[in-house]
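Shown next: work_29.cif, given as mmCIF, C-alpha atoms.
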```cif
data_target
loop_
_atom_site.label_atom_id
_atom_site.label_comp_id
_atom_site.auth_asym_id
_atom_site.auth_seq_id
_atom_site.Cartn_x
_atom_site.Cartn_y
_atom_site.Cartn_z
CA ILE A 9 -52.21 -1.42 -61.96
CA ASN A 10 -51.64 -3.59 -58.90
CA ALA A 11 -54.59 -4.17 -56.63
CA GLU A 12 -52.26 -5.45 -53.92
CA TYR A 13 -51.36 -1.88 -53.07
CA GLY A 14 -54.93 -0.65 -52.98
CA THR A 15 -54.23 1.86 -55.72
CA HIS A 16 -55.04 2.19 -59.39
CA THR A 17 -52.79 4.24 -61.60
CA SER A 18 -53.22 5.07 -65.23
CA GLN A 19 -50.84 6.27 -67.86
CA SER A 20 -52.26 9.78 -67.74
CA ALA A 21 -52.28 9.88 -63.94
CA THR A 22 -48.57 9.19 -63.64
CA MET A 23 -47.25 10.81 -66.79
CA PRO A 24 -44.10 12.84 -65.99
CA ASP A 25 -43.12 15.94 -67.89
CA SER A 26 -40.60 13.73 -69.74
CA ASP A 27 -43.36 11.47 -71.09
CA SER A 28 -42.19 11.78 -74.69
CA GLU A 29 -38.90 10.04 -73.85
CA SER A 30 -38.42 6.64 -75.43
CA ILE A 31 -35.56 4.40 -74.32
CA GLU A 32 -34.61 3.98 -77.99
CA ASP A 33 -33.62 7.66 -77.94
CA LEU A 34 -31.75 7.57 -74.61
CA GLU A 35 -28.17 6.70 -73.70
CA PRO A 36 -27.54 3.88 -71.21
CA ILE A 37 -25.64 4.94 -68.12
CA SER A 38 -22.00 3.90 -68.01
CA LEU A 39 -21.71 3.52 -64.23
CA GLN A 40 -23.88 0.59 -63.18
CA ALA A 41 -23.14 -1.48 -60.07
CA ALA A 42 -25.03 -4.63 -61.07
CA GLY A 43 -27.82 -5.94 -63.27
CA HIS A 44 -27.85 -6.29 -67.01
CA PRO A 45 -25.81 -3.54 -68.72
CA GLY A 46 -27.77 -1.11 -70.82
CA THR A 47 -31.02 -1.39 -68.84
CA ILE A 48 -30.94 2.01 -67.11
CA PHE A 49 -30.92 5.16 -69.19
CA ARG A 50 -29.99 8.79 -68.69
CA SER A 51 -32.98 11.07 -69.10
CA HIS A 52 -32.93 14.21 -71.20
CA HIS A 53 -33.75 15.94 -67.90
CA VAL A 54 -30.56 16.58 -65.92
CA GLY A 55 -30.28 14.55 -62.74
CA ARG A 56 -32.83 11.92 -63.75
CA LEU A 57 -32.77 8.34 -64.99
CA VAL A 58 -35.30 6.25 -66.90
CA LYS A 59 -35.71 2.58 -65.98
CA PRO A 60 -38.01 -0.13 -67.37
CA ALA A 61 -40.08 -1.57 -64.53
CA THR A 62 -42.77 -4.10 -63.82
CA ALA A 63 -46.32 -2.94 -63.25
CA SER A 64 -45.98 -3.84 -59.57
CA GLU A 65 -42.80 -1.76 -59.13
CA HIS A 66 -44.52 1.15 -60.84
CA ALA A 67 -47.47 0.74 -58.44
CA PHE A 68 -45.14 0.58 -55.42
CA TYR A 69 -43.58 3.93 -56.27
CA GLU A 70 -47.02 5.46 -56.79
CA ALA A 71 -48.31 4.07 -53.49
CA THR A 72 -45.41 5.39 -51.41
CA GLN A 73 -45.25 8.97 -52.65
CA ALA A 74 -47.63 10.35 -50.02
CA ASP A 75 -45.44 9.01 -47.19
CA ASP A 76 -42.44 11.09 -46.11
CA GLY A 77 -40.80 8.06 -44.52
CA TRP A 78 -40.78 6.05 -47.72
CA ARG A 79 -39.68 9.02 -49.80
CA SER A 80 -36.67 9.43 -47.49
CA VAL A 81 -35.35 5.92 -48.25
CA LEU A 82 -36.21 5.66 -51.97
CA PRO A 83 -34.73 7.51 -54.94
CA ALA A 84 -36.83 10.54 -55.80
CA TYR A 85 -39.64 9.49 -58.16
CA TYR A 86 -40.77 11.78 -60.97
CA GLY A 87 -43.60 9.69 -62.37
CA ALA A 88 -43.85 7.04 -65.06
CA HIS A 89 -45.33 6.37 -68.44
CA ILE A 90 -46.21 3.35 -70.54
CA ASP A 91 -44.54 3.33 -73.94
CA SER A 92 -45.91 2.13 -77.25
CA HIS A 93 -44.73 -1.41 -76.47
CA GLY A 94 -46.69 -1.51 -73.21
CA SER A 95 -43.55 -1.25 -71.08
CA HIS A 96 -43.64 0.69 -67.82
CA LEU A 97 -40.87 3.31 -67.69
CA ILE A 98 -40.24 4.99 -64.36
CA HIS A 99 -38.44 8.32 -64.05
CA MET A 100 -36.25 8.57 -60.99
CA GLU A 101 -33.41 10.43 -59.33
CA ASP A 102 -29.84 9.91 -60.53
CA LEU A 103 -28.11 9.40 -57.19
CA THR A 104 -24.69 10.13 -58.75
CA HIS A 105 -25.76 13.55 -60.00
CA GLU A 106 -23.27 16.33 -59.15
CA MET A 107 -20.67 13.83 -57.93
CA ASN A 108 -17.19 14.22 -59.40
CA GLU A 109 -16.01 10.62 -59.00
CA PRO A 110 -19.00 8.46 -58.07
CA CYS A 111 -18.52 4.95 -56.70
CA VAL A 112 -21.51 2.59 -56.59
CA MET A 113 -22.46 -0.72 -54.95
CA ASP A 114 -25.57 -2.90 -55.23
CA LEU A 115 -26.26 -4.96 -52.09
CA LYS A 116 -29.05 -7.56 -52.15
CA MET A 117 -31.06 -7.65 -48.92
CA GLY A 118 -32.86 -10.48 -47.13
CA VAL A 119 -32.45 -14.21 -46.59
CA CYS A 120 -34.91 -15.20 -49.32
CA THR A 121 -34.97 -13.86 -52.89
CA ALA A 122 -38.04 -15.81 -54.12
CA GLY A 123 -41.18 -13.70 -54.04
CA GLU A 124 -44.42 -14.90 -52.49
CA ASP A 125 -45.96 -15.54 -55.92
CA ALA A 126 -43.00 -17.57 -57.26
CA THR A 127 -43.81 -21.02 -58.62
CA THR A 128 -42.73 -24.06 -56.64
CA GLU A 129 -40.01 -24.77 -59.18
CA LYS A 130 -38.66 -21.22 -59.16
CA ARG A 131 -38.81 -21.05 -55.38
CA ALA A 132 -36.73 -24.24 -55.12
CA ALA A 133 -34.19 -22.99 -57.67
CA MET A 134 -33.79 -19.62 -55.95
CA ARG A 135 -33.59 -21.25 -52.54
CA SER A 136 -30.76 -23.44 -53.78
CA LYS A 137 -28.92 -20.36 -55.02
CA ASP A 138 -29.54 -18.50 -51.77
CA LEU A 139 -28.12 -21.38 -49.72
CA ARG A 140 -24.84 -21.18 -51.64
CA THR A 141 -24.26 -17.50 -50.89
CA THR A 142 -24.25 -15.01 -48.02
CA THR A 143 -27.93 -14.35 -48.76
CA HIS A 144 -28.71 -17.36 -46.57
CA SER A 145 -26.10 -16.86 -43.86
CA LEU A 146 -26.23 -13.06 -43.53
CA GLY A 147 -29.24 -11.77 -45.43
CA LEU A 148 -26.69 -9.72 -47.41
CA ARG A 149 -25.08 -10.33 -50.81
CA ILE A 150 -22.94 -7.95 -52.84
CA CYS A 151 -24.21 -8.01 -56.44
CA GLY A 152 -21.53 -5.70 -57.79
CA MET A 153 -19.58 -2.52 -57.26
CA GLN A 154 -17.45 0.02 -59.08
CA VAL A 155 -14.84 1.89 -57.07
CA LEU A 156 -12.07 4.37 -57.77
CA ASP A 157 -8.54 4.61 -56.41
CA ILE A 158 -8.37 8.36 -55.96
CA GLU A 159 -4.57 8.56 -56.34
CA SER A 160 -4.12 6.39 -59.44
CA LYS A 161 -7.55 7.30 -60.89
CA GLU A 162 -7.92 3.61 -61.72
CA ARG A 163 -11.41 2.14 -61.52
CA PHE A 164 -12.05 -1.35 -60.21
CA SER A 165 -15.16 -3.34 -61.07
CA TYR A 166 -16.43 -6.24 -58.96
CA GLN A 167 -19.07 -8.38 -60.65
CA LYS A 168 -21.77 -10.78 -59.45
CA PRO A 169 -19.58 -13.96 -59.38
CA TRP A 170 -17.15 -12.21 -57.02
CA GLY A 171 -19.98 -11.30 -54.66
CA LYS A 172 -21.43 -14.81 -54.77
CA ALA A 173 -18.05 -16.26 -53.81
CA LEU A 174 -17.89 -14.28 -50.57
CA THR A 175 -18.58 -16.19 -47.36
CA SER A 176 -19.71 -15.18 -43.89
CA GLU A 177 -16.02 -15.02 -42.95
CA THR A 178 -14.89 -12.92 -45.94
CA PHE A 179 -17.94 -10.68 -46.38
CA ARG A 180 -16.65 -7.86 -44.18
CA ASP A 181 -13.39 -7.64 -46.12
CA GLY A 182 -15.36 -7.72 -49.36
CA LEU A 183 -17.52 -4.85 -48.14
CA ALA A 184 -14.38 -2.93 -47.12
CA GLU A 185 -13.24 -3.05 -50.77
CA PHE A 186 -16.01 -0.59 -51.58
CA PHE A 187 -14.25 2.04 -49.47
CA ARG A 188 -10.74 1.36 -50.80
CA GLY A 189 -8.54 3.95 -52.42
CA LEU A 190 -9.64 6.89 -50.24
CA ASP A 191 -7.37 8.88 -47.98
CA ALA A 192 -7.89 8.10 -44.30
CA LYS A 193 -9.90 11.23 -43.42
CA HIS A 194 -12.27 10.99 -46.39
CA ARG A 195 -12.71 7.24 -45.88
CA SER A 196 -13.67 7.79 -42.26
CA GLY A 197 -16.13 10.51 -43.27
CA VAL A 198 -17.73 8.40 -46.00
CA LEU A 199 -18.10 5.44 -43.64
CA SER A 200 -19.57 7.60 -40.88
CA VAL A 201 -22.18 9.15 -43.18
CA THR A 202 -22.96 5.71 -44.63
CA ARG A 203 -23.54 4.44 -41.11
CA ASP A 204 -25.85 7.38 -40.36
CA ARG A 205 -27.88 6.64 -43.51
CA LEU A 206 -28.20 2.97 -42.51
CA ILE A 207 -29.28 3.87 -38.97
CA ALA A 208 -32.01 6.13 -40.41
CA LEU A 209 -33.08 3.38 -42.80
CA ARG A 210 -33.25 0.88 -39.95
CA ALA A 211 -35.45 3.24 -37.94
CA HIS A 212 -37.86 3.49 -40.87
CA MET A 213 -37.91 -0.23 -41.63
CA SER A 214 -38.41 -1.23 -38.00
CA ALA A 215 -41.36 1.19 -37.73
CA GLN A 216 -43.11 0.40 -41.02
CA SER A 217 -45.81 -2.28 -41.02
CA THR A 218 -46.94 -2.12 -44.63
CA TYR A 219 -44.59 -4.09 -46.88
CA ARG A 220 -42.32 -7.10 -47.06
CA PHE A 221 -39.44 -7.07 -49.58
CA TYR A 222 -37.93 -9.91 -51.60
CA SER A 223 -34.88 -9.63 -53.87
CA SER A 224 -34.66 -5.91 -53.16
CA SER A 225 -31.34 -4.08 -53.01
CA LEU A 226 -29.65 -1.17 -51.35
CA LEU A 227 -27.77 1.14 -53.68
CA PHE A 228 -24.73 2.79 -52.09
CA VAL A 229 -23.18 5.82 -53.79
CA TYR A 230 -20.40 8.11 -52.65
CA ASP A 231 -18.11 10.68 -54.24
CA ALA A 232 -14.48 9.53 -54.06
CA MET A 233 -13.43 13.17 -54.44
CA PRO A 234 -13.44 14.94 -51.05
CA PRO A 235 -15.52 18.14 -50.89
CA ASP A 236 -13.64 21.39 -51.47
CA ASN A 237 -14.76 22.58 -48.06
CA THR A 238 -12.88 20.32 -45.66
CA GLU A 239 -15.59 20.86 -43.03
CA ALA A 240 -18.38 19.76 -45.37
CA GLN A 241 -19.98 16.34 -45.10
CA PRO A 242 -18.98 13.80 -47.80
CA HIS A 243 -21.53 13.26 -50.55
CA VAL A 244 -23.10 9.86 -49.77
CA ASN A 245 -26.41 8.29 -50.81
CA VAL A 246 -27.96 5.01 -49.62
CA ARG A 247 -31.36 4.13 -51.11
CA MET A 248 -33.64 1.12 -51.47
CA ILE A 249 -34.00 -0.01 -55.11
CA ASP A 250 -35.38 -2.92 -57.18
CA HIS A 251 -38.97 -3.27 -56.03
CA ALA A 252 -40.45 -5.81 -58.42
CA HIS A 253 -41.18 -8.20 -55.53
CA VAL A 254 -42.79 -6.16 -52.75
CA TYR A 255 -45.85 -7.53 -50.97
CA PRO A 256 -48.31 -6.08 -48.46
CA LEU A 257 -47.94 -7.53 -44.99
CA ARG A 258 -50.82 -9.85 -44.15
CA THR A 259 -53.33 -8.73 -41.58
CA ASP A 260 -52.19 -11.46 -39.19
CA ASP A 261 -48.64 -10.11 -39.20
CA ASP A 262 -47.85 -8.22 -36.00
CA ILE A 263 -44.36 -7.18 -37.10
CA GLY A 264 -42.81 -5.54 -40.14
CA ASP A 265 -40.16 -6.97 -42.41
CA ASN A 266 -38.05 -8.34 -39.58
CA GLY A 267 -35.72 -10.20 -41.97
CA TYR A 268 -34.78 -6.92 -43.64
CA VAL A 269 -34.20 -5.26 -40.27
CA ALA A 270 -32.02 -8.18 -39.09
CA ALA A 271 -29.92 -7.85 -42.25
CA LEU A 272 -29.53 -4.12 -41.61
CA ASP A 273 -28.31 -4.86 -38.09
CA LYS A 274 -25.60 -7.14 -39.48
CA LEU A 275 -24.68 -4.57 -42.12
CA ILE A 276 -24.36 -1.76 -39.57
CA GLY A 277 -22.17 -4.05 -37.47
CA PHE A 278 -19.86 -4.65 -40.43
CA VAL A 279 -19.62 -0.91 -41.14
CA ASP A 280 -18.70 -0.33 -37.49
CA GLU A 281 -15.94 -2.94 -37.76
CA ILE A 282 -14.58 -1.37 -40.95
CA LEU A 283 -14.58 2.05 -39.29
CA ASN A 284 -12.35 0.61 -36.56
CA MET A 285 -9.96 -1.25 -38.88
#
```
Could I get this file's structure written as structure tokens?
Amino acid sequence: INAEYGTHTSQSATMPDSDSESIEDLEPISLQAAGHPGTIFRSHHVGRLVKPATASEHAFYEATQADDGWRSVLPAYYGAHIDSHGSHLIHMEDLTHEMNEPCVMDLKMGVCTAGEDATTEKRAAMRSKDLRTTTHSLGLRICGMQVLDIESKERFSYQKPWGKALTSETFRDGLAEFFRGLDAKHRSGVLSVTRDRLIALRAHMSAQSTYRFYSSSLLFVYDAMPPDNTEAQPHVNVRMIDHAHVYPLRTDDDIGDNGYVAALDKLIGFVDEILNM
């Protein structure tokens, strides 16, 4: 599908066991951190989602499945199929599965959201948008989140305009909102596991020398309900998502995606600060 990745996939080669599923027959998920509502669907297979994707995103998932490192930082991938309209539908892990009270956040990564194949006009428009947000100053921008106050059971939704309005000075407090409403012990546990996940992701991204990411996100998910076993680790997931604009590193590049790694360093620093608040 995408020669950039040095792989060719066909509909039959990537057909999952849920190939008969059509999005017209599926229910959109109700808990979505960002993006257009009604664009991610719950599969008939428990614990899976179905998402329309570009051919290049489909190819990226295919190309990374043989690598344990990539599989550890991406949602589990169960294959894909092309529907009767020619749309690529990928079948992936539902990261909220088996959580009682899931909270989700979409965090855009990197200082530039325009892909390498963007037109001059689109590149200029996206650059102008980046300069007005924390994408430019931090390489981080909150696209949206849904959180729960565990005592009141009230859910709070933060949308894209709220995230765009954050500044370098207010970003940390905005990020802290994602962990609001938890009792002190559970909050500390969720933050600590989140930090561990980010450290592992940084190790992978600093070692990889294959891809550069544009307009990609991190999806954060945690269960606001503490585990029944007080000694058990909180249920937390952090995964890389939205891979429509992923490009192979050029042969003259001697480093990986250093912009992504720099953004992770800032993010880990903010999590450390929140842990100590």
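Counting from CA of Asp191 in chain A, the distance to CA of Ser160 in chain A is 12.2 Å.
With only C-alpha atoms as the atoms that count, the residue of A:Ala122, A:Cys111, A:Ala132, A:Leu226 with the shortest distance to Leu190 in chain A is A:Cys111.
Taking CA of Arg135 in chain A as the reference point, CA of Val254 in chain A is found at 17.7 Å.
CA of His144 in chain A is positioned 11.0 Å from CA of Gly267 in chain A.
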Next on the checklist: Give me, as a PyMOL selection string, all polymer residues having an atom no more than 7 Å from His99 in chain A, counting only C-alpha atoms and skipping those fewer than 6 positions away in the same chain.
Outcome noted: chain A and resi 56-59+85-88
Checklist entry - What do you get, as a ChimeraX atom specification, if you spell out every residue that the PyMOL selection byres ((chain A and resi 153) around 8) selects here? => result /A:40-42,111-114,150-152,154-155,165-167,186
Checklist entry - Which is closest to Ser223 in chain A among A:Ala208, A:Leu275, A:Val119, A:Ala184, if we use all atoms listed in the file? => result A:Val119
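Of the listed residues (A:Glu65, A:Asp181, A:Glu124, A:Glu101), A:Glu101 comes nearest to Arg79 in chain A; the distances count only C-alpha atoms.
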Item to check | Result set of the PyMOL selection byres ((chain A and resi 171) around 9) on the coordinates above, as number ranges by chain | outcome: A: 141-142, 149-152, 166-170, 172-175, 179, 182
Checklist entry - Which residues fall under the PyMOL selection byres ((chain A and resi 253) around 6) in this file, as a VMD selection string? => result chain A and resid 123 222 251 to 252 254
Mind working out the centre and edge lengths of an axis-aligned box for range 142-145 of chain A, all listed atoms inside, 8 Å added to each side, rounded to one decimal in Å and written as JSON?
```
{"center_x": -26.5, "center_y": -15.9, "center_z": -46.3, "size_x": 20.5, "size_y": 19.0, "size_z": 20.9}
```
Item to check | Within 7 Å of Ser64 in chain A using all atoms listed in the file, minus same-chain residues under 2 positions, as a list in words | outcome: Asn10, Thr62, His66, Ala67, Phe68 and Ala252 of chain A
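Closest approach to Ala63 in chain A among A:Ser95, A:Thr178, A:Thr143, A:Ser80: A:Ser95, based on only C-alpha atoms.
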Item to check | Within 7 Å of range 196-205 of chain A using all atoms listed in the file, minus same-chain residues under 6 positions, as an NGL selection string | outcome: :A and (242 or 244 or 246 or 276 or 279 or 283)
Please identify all polymer residues within 12 Å of Ala133 in chain A, counting only C-alpha atoms, omitting same-chain residues fewer than 5 positions from it, and present them as a JSON list (two decimals) with C-alpha atoms, keeping the file's coordinate frame.
```json
[["chain", "number", "residue", "atom", "x", "y", "z"],
["A", 120, "CYS", "CA", -34.91, -15.20, -49.32],
["A", 121, "THR", "CA", -34.97, -13.86, -52.89],
["A", 122, "ALA", "CA", -38.04, -15.81, -54.12],
["A", 126, "ALA", "CA", -43.00, -17.57, -57.26],
["A", 127, "THR", "CA", -43.81, -21.02, -58.62],
["A", 128, "THR", "CA", -42.73, -24.06, -56.64],
["A", 138, "ASP", "CA", -29.54, -18.50, -51.77],
["A", 139, "LEU", "CA", -28.12, -21.38, -49.72],
["A", 140, "ARG", "CA", -24.84, -21.18, -51.64]]
```
Could you give me range 149-160 of chain A completed to all heavy atoms, formatted as an mmCIF file, keeping the file's coordinate frame?
```
data_model
loop_
_atom_site.group_PDB
_atom_site.id
_atom_site.type_symbol
_atom_site.label_atom_id
_atom_site.label_comp_id
_atom_site.auth_asym_id
_atom_site.auth_seq_id
_atom_site.Cartn_x
_atom_site.Cartn_y
_atom_site.Cartn_z
ATOM 1 N N ARG A 149 -25.936 -9.813 -49.726
ATOM 2 C CA ARG A 149 -25.080 -10.330 -50.810
ATOM 3 C C ARG A 149 -24.698 -9.171 -51.721
ATOM 4 O O ARG A 149 -25.564 -8.442 -52.208
ATOM 5 C CB ARG A 149 -25.788 -11.418 -51.607
ATOM 6 C CG ARG A 149 -24.999 -11.898 -52.829
ATOM 7 C CD ARG A 149 -25.513 -13.225 -53.355
ATOM 8 N NE ARG A 149 -26.921 -13.210 -53.668
ATOM 9 C CZ ARG A 149 -27.454 -12.816 -54.840
ATOM 10 N NH1 ARG A 149 -26.646 -12.345 -55.812
ATOM 11 N NH2 ARG A 149 -28.749 -12.850 -55.047
ATOM 12 N N ILE A 150 -23.410 -9.002 -51.933
ATOM 13 C CA ILE A 150 -22.940 -7.950 -52.840
ATOM 14 C C ILE A 150 -23.136 -8.416 -54.277
ATOM 15 O O ILE A 150 -22.590 -9.433 -54.690
ATOM 16 C CB ILE A 150 -21.456 -7.612 -52.576
ATOM 17 C CG1 ILE A 150 -21.278 -7.081 -51.152
ATOM 18 C CG2 ILE A 150 -20.964 -6.577 -53.594
ATOM 19 C CD1 ILE A 150 -19.828 -6.842 -50.754
ATOM 20 N N CYS A 151 -23.936 -7.672 -55.034
ATOM 21 C CA CYS A 151 -24.210 -8.010 -56.440
ATOM 22 C C CYS A 151 -23.178 -7.412 -57.380
ATOM 23 O O CYS A 151 -22.992 -7.904 -58.495
ATOM 24 C CB CYS A 151 -25.603 -7.548 -56.826
ATOM 25 S SG CYS A 151 -26.921 -8.402 -55.959
ATOM 26 N N GLY A 152 -22.535 -6.340 -56.954
ATOM 27 C CA GLY A 152 -21.530 -5.700 -57.790
ATOM 28 C C GLY A 152 -21.170 -4.339 -57.255
ATOM 29 O O GLY A 152 -21.923 -3.745 -56.478
ATOM 30 N N MET A 153 -20.004 -3.862 -57.658
ATOM 31 C CA MET A 153 -19.580 -2.520 -57.260
ATOM 32 C C MET A 153 -18.564 -1.980 -58.249
ATOM 33 O O MET A 153 -17.890 -2.741 -58.950
ATOM 34 C CB MET A 153 -18.986 -2.521 -55.847
ATOM 35 C CG MET A 153 -17.712 -3.321 -55.690
ATOM 36 S SD MET A 153 -16.887 -3.120 -54.067
ATOM 37 C CE MET A 153 -17.859 -4.191 -53.032
ATOM 38 N N GLN A 154 -18.500 -0.664 -58.327
ATOM 39 C CA GLN A 154 -17.450 0.020 -59.080
ATOM 40 C C GLN A 154 -16.841 1.069 -58.157
ATOM 41 O O GLN A 154 -17.567 1.901 -57.600
ATOM 42 C CB GLN A 154 -18.013 0.686 -60.338
ATOM 43 C CG GLN A 154 -18.459 -0.310 -61.393
ATOM 44 C CD GLN A 154 -18.627 0.339 -62.752
ATOM 45 O OE1 GLN A 154 -17.898 1.280 -63.106
ATOM 46 N NE2 GLN A 154 -19.584 -0.135 -63.521
ATOM 47 N N VAL A 155 -15.532 0.980 -57.986
ATOM 48 C CA VAL A 155 -14.840 1.890 -57.070
ATOM 49 C C VAL A 155 -13.648 2.525 -57.772
ATOM 50 O O VAL A 155 -13.161 2.042 -58.793
ATOM 51 C CB VAL A 155 -14.370 1.143 -55.799
ATOM 52 C CG1 VAL A 155 -15.557 0.596 -55.040
ATOM 53 C CG2 VAL A 155 -13.400 0.024 -56.141
ATOM 54 N N LEU A 156 -13.177 3.610 -57.188
ATOM 55 C CA LEU A 156 -12.070 4.370 -57.770
ATOM 56 C C LEU A 156 -10.942 4.492 -56.761
ATOM 57 O O LEU A 156 -11.181 4.792 -55.579
ATOM 58 C CB LEU A 156 -12.557 5.777 -58.153
ATOM 59 C CG LEU A 156 -11.480 6.748 -58.660
ATOM 60 C CD1 LEU A 156 -11.124 6.425 -60.113
ATOM 61 C CD2 LEU A 156 -11.949 8.196 -58.537
ATOM 62 N N ASP A 157 -9.719 4.260 -57.207
ATOM 63 C CA ASP A 157 -8.540 4.610 -56.410
ATOM 64 C C ASP A 157 -8.240 6.070 -56.712
ATOM 65 O O ASP A 157 -7.880 6.429 -57.832
ATOM 66 C CB ASP A 157 -7.354 3.724 -56.786
ATOM 67 C CG ASP A 157 -6.153 3.979 -55.901
ATOM 68 O OD1 ASP A 157 -5.610 5.102 -55.956
ATOM 69 O OD2 ASP A 157 -5.755 3.072 -55.157
ATOM 70 N N ILE A 158 -8.416 6.916 -55.719
ATOM 71 C CA ILE A 158 -8.370 8.360 -55.960
ATOM 72 C C ILE A 158 -6.987 8.826 -56.383
ATOM 73 O O ILE A 158 -6.852 9.812 -57.120
ATOM 74 C CB ILE A 158 -8.851 9.134 -54.700
ATOM 75 C CG1 ILE A 158 -9.185 10.584 -55.055
ATOM 76 C CG2 ILE A 158 -7.843 9.045 -53.582
ATOM 77 C CD1 ILE A 158 -10.363 10.736 -55.984
ATOM 78 N N GLU A 159 -5.917 8.136 -55.966
ATOM 79 C CA GLU A 159 -4.570 8.560 -56.340
ATOM 80 C C GLU A 159 -4.224 8.144 -57.771
ATOM 81 O O GLU A 159 -3.744 8.954 -58.561
ATOM 82 C CB GLU A 159 -3.547 7.978 -55.360
ATOM 83 C CG GLU A 159 -3.581 8.632 -53.993
ATOM 84 C CD GLU A 159 -2.429 8.193 -53.118
ATOM 85 O OE1 GLU A 159 -1.532 7.466 -53.615
ATOM 86 O OE2 GLU A 159 -2.393 8.589 -51.938
ATOM 87 N N SER A 160 -4.471 6.884 -58.107
ATOM 88 C CA SER A 160 -4.120 6.390 -59.440
ATOM 89 C C SER A 160 -5.179 6.704 -60.480
ATOM 90 O O SER A 160 -4.920 6.601 -61.681
ATOM 91 C CB SER A 160 -3.887 4.882 -59.395
ATOM 92 O OG SER A 160 -5.105 4.204 -59.136
#
```
